[in-house]
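J.: Please find one structure pasted underneath; my questions will follow.
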Amino acid sequence: MAKPAGWTFRIAAGLLAVSLGACASETVIGVRDSQLAQRIDRLNATQGAYERQEHSEAERLMLAELKAAASASEKQHLLNELADLYSYHLLDIERAIEADGQIQAIGVLAAESGFKSNSANNRILKDTAYRDRYVNVSSGQIVAGSRERMARNRSLLSGSSPTAGRIRSRSEMEDFLAAVNADLLQTYPGTADRRQVISRLIRAEWELINLGAPPRALAGADLARKEGMKPTDFFFQEIDFLSLSRYYEAVFDRTGDLEAEEMALAVVYIPYSNITDYASRWSYNRLVNRHIDKLIETCHKAQRLHDMLYYISLNKSRMILEERARYSAQSPRLAGGSQVVAIDPVTHLPDKQAFLSRARSAPAFLDYYIAGDYQPAPARSPLALASRRDSAGSLMELRAVAVAAKPTASAVPQPARPAADGDVFVEGALYITYLERGAIQARRLSGSQIGALRASIDEEIAGLEAEYLSLDPSRAVAVAAGPAPASPAAAPLASASPSAGRRRPAAGAAAKLLLPFPVAAGTVVSPDKWLSKYPFALAMGTDAPRALNLMGFAPQSRLSTASVLGLFNPTGDLLDSELEIPHISRNFPDSQLLARAAASKGAFGAAGGRSILHLSMHGLYNPDDPSASKLLFAGSRIDDSSNDAAALYARDMLSFPAAQGNELVFLAACETGLTANDNRNSAELLGILRPLLIGNNKNIVLTLWKVNSMTAGKFVEYFYDALGKSRDVRQAFASSQERLRAEYPDSPYIWAPYYLIQ
């Protein structure tokens with residue numbers, strides 16, 4: 001009898017099933033090797049992370065295996081993976097160089113750690129190409145590749161594109177371009193192969209541009225746009241990020257396409273934000289600043305003013321935000337800062353669409369931005385080098401002496417002191433932007449217009465300085481005599497009354513230039529660079545709080561809790577400051593208030609858990625090194641030294657929890673609100689203010705110049721009485737400044753130096 005078709009196969013399959021069922025618990029695919037199985041798992045997981053472009057996850061997997069690696073060979077292979085990841089995907093050049101340094105320190109090894117099998121303990125390796133690139137490679141090959149990669153990355157870190165391996169002749173490049181275009185025909189849209197060939201095409205076009213023979217059409221940029229490629233989609237093994245950024249800048253220069261310049265910025269912003277070395281970071285800071293200023297100018301010309309304000313806010317805030325992000329990992333009090341626009345975790349740029357959406361509903365906001373470029377610095381004048389502060393922190397007094405001696409201000413903006421070794425920022429334009437409920441208008445000033453504004457501001461501040469000396473003549477004597485020992489209490493103003501002083505208009509020529517269009521009452525103002533020294537209360541009234549920029553402006557005026565940590569008169573020469581204590585304790589009984597010897601840096605470091613920080617003490621601003629600006633606690637030397645163990649320097653402030661995360665910081669000290677009023681572009685907010693902003697303090701009250709302790713005591717009294725009733729910082733500040741102005745209407749020196757930044 002004939003058997004049915006397939007009968008033999010079914011019998012065999014059944015017998016096999018019975019056999020496998022009997023011994024299923026013993027069947028293993030691949031060799032029995034638990035260590036190899038773990039490596040296969042990690043390689044598969046890493047390859048999957050790469051495919052999903054989750055490069056931070058790939059880094060986590062590699063670092064975990066590196067920590068557990070038992071042999072030098074395993075460590076070297078993993079460091080090679082990490083160096084490639086940092087070089088071509090995360091664009092963290094410093095870490096790539098560090099990994100390559102460790103590879104070379106291990107040296108060429110005789111022992112190897114290649115795969116014995118592609119499967120083990122039921123694990124099967126998915127991608128043998130990844131294995132061959134990173135596992136089945138000799139130690140000698142790793143070390144040789146490491147040297148080439150390190151040379152490439154060191155070149156990039158210095159701000160130069162690597163040149164090794166480039167094709168230089170025009171004919172060779174044209175042949176190369178033809179070959180790339182042929183390769184492009186073999187790829188499919190939306191694939192990694194397509195993105196890699198587009199990256200190669202852009203490199204070929206960039207090389208031809210460098211050779212002075214640019215192709216008729218820059219097809220690479222068009223293809224990348226059609227593919228929807230983001231900065232991290234490019235293959236940086238094919239073209240380094242500096243060359244890619246410069247290519248897109250060339251596209252912008254040829255076409256005026258704003259998206260091309262935005263890509264040029266985005267590509268270079270990733271490695272820039274990862275750099276920590278000061279010299280390297282400064283080189284990239286100049287590059288980033290140039291890209292942003294170009295975008296600002298282009299947006300202004302095209303009347304894309306909301307986009308312009310985004311880039312203005314970015315350039316004014318980027319360093320503060322980056323430092324806050326770094327410190328946030330170290331201090332929980334820094335978490336949940338006032339940044340209200342999300343940061344892209346890949347490009348590190350703030351979300352532009354979220355910013356634009358928020359800007360269209362923002363309250364009245366007035367922004368000032370000084371654009372410019374960096375040029376070699378001129379020799380520094382002896383006067384600038386001598387402008388230090390005396391025993392009472394009287395930089396204002398030194399300025400008063402300089403006012404009489406300095407030449408007439410030129411109508412053309414003059415460069416200020418060096419921003420970094422060999423560089424000085426020279427302003428090119430001032431953008432004044434006013435935003436109110438989505439409606440936006442802007443004015444651009446340049447050349448003699450900026451000179452006229454700066455001269456007006458200097459003249460107005462010089463007038464305040466002259467008033468200061470006329471109301472307290474003893475200070476002029478102190479200036480002429482040079483630094484003097486600390487006096488007991490500051491002398492009261494000789495004629496500080498409503499009838500005293502010279503009558504002047506509330507705002508002079510500077511205000512007319514600063515306000516080219518009407519602004520609403522209560523407008524928030526964001527000054528820039530040397531404009532920060534101007535007392536905007538003169539031009540805009542007492543309810544004109546400041547903000548770093550619109551991007552991070554998230555005012556929290558109402559106090560959720562109310563307890564004060566206060567330190568008063570630690571140097572013993574500010575007797576009037578101790579009169580502030582009863583006003584604070586009366587309104588906020590749950591407070592810790594320390595005076596004189598008790599107001600030490602040690603006590604400040606041990607304190608915490610309060611919502612308000614009040615410091616009534618000397619604060620000295622260092623114009624040559626703003627990070628060496630300091631607050632003088634008990635035992636401090638009243639001088640300009642930068643190594644006083646009893647003083648708290650701006651550079652160390654973030655290591656003190658009491659200086660972080662407060663709902664209010666009130667600095668009733670001298671010169672606490674001074675910033676780098678020159679043209680440095682390192683966020684412009686330096687001195688004492690910089691760490692306070694990084695430290696996620698919601699409201700900060702500071703002064704622009706040295707204040708008389710008697711009238712300062714009045715302001716403190718008025719402020720805390722009002723705050724005790726309303727629990728609203730902005731309301732209390734405005735009413736207190738208005739009350740002081742009513743008492744001294746002819747003396748802006750007395751009431752105008754205070755400002756609130758939110």
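By convention here, the chains of the structure tokens are called A, B, ... in the order presented, each chain's residues are numbered starting at 1, and ligands are numbered starting at 1 in the order presented.
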Enumerate, as a PyMOL selection string, the complete set of residues in region 139-329 of chain A that a backbone-based DSSP assignment places in helix (DSSP H, G or I).
T.: chain A and resi 139-157+170-185+192-210+219-227+231-233+241-255+258-274+278-301+305-328
J.: Find the spatial neighbours of Tyr374 (chain A), counting only C-alpha atoms, within a cut-off of 6 Å - ignore same-chain residues fewer than 6 positions away - and output them as a list in words.
T.: Asp423, Val424 and Phe425 of chain A
J.: What lies within 6 Å of region 56-62 of chain A using only C-alpha atoms, ignoring chain neighbours under 3 positions off, as an MDAnalysis selection string?
T.: chainID A and resid 46 49 65
J.: So what do you get for CA of Asp528 (chain A) versus CA of Tyr369 (chain A), distance-wise?
T.: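 Atom-to-atom, CA of Asp528 (chain A) and CA of Tyr369 (chain A) are spaced 5.5 Å apart.
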J.: Considering only C-alpha atoms, state which residue in the set A:Ile198, A:Asn210, A:His55, A:Gln556 is at the smallest distance from Lys226 (chain A).
T.: A:Ile198
J.: Closest to Phe252 (chain A) among A:Ile584, A:Leu218, A:Pro518, A:Leu177, using only C-alpha atoms?
T.: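 Answer, going by the shortest atom-to-atom distance: A:Leu218.
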J.: Quick one, how far is CA of Ala364 (chain A) from CA of Tyr431 (chain A)?
T.: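 Result for CA of Ala364 (chain A) versus CA of Tyr431 (chain A): 16.6 Å, one decimal.
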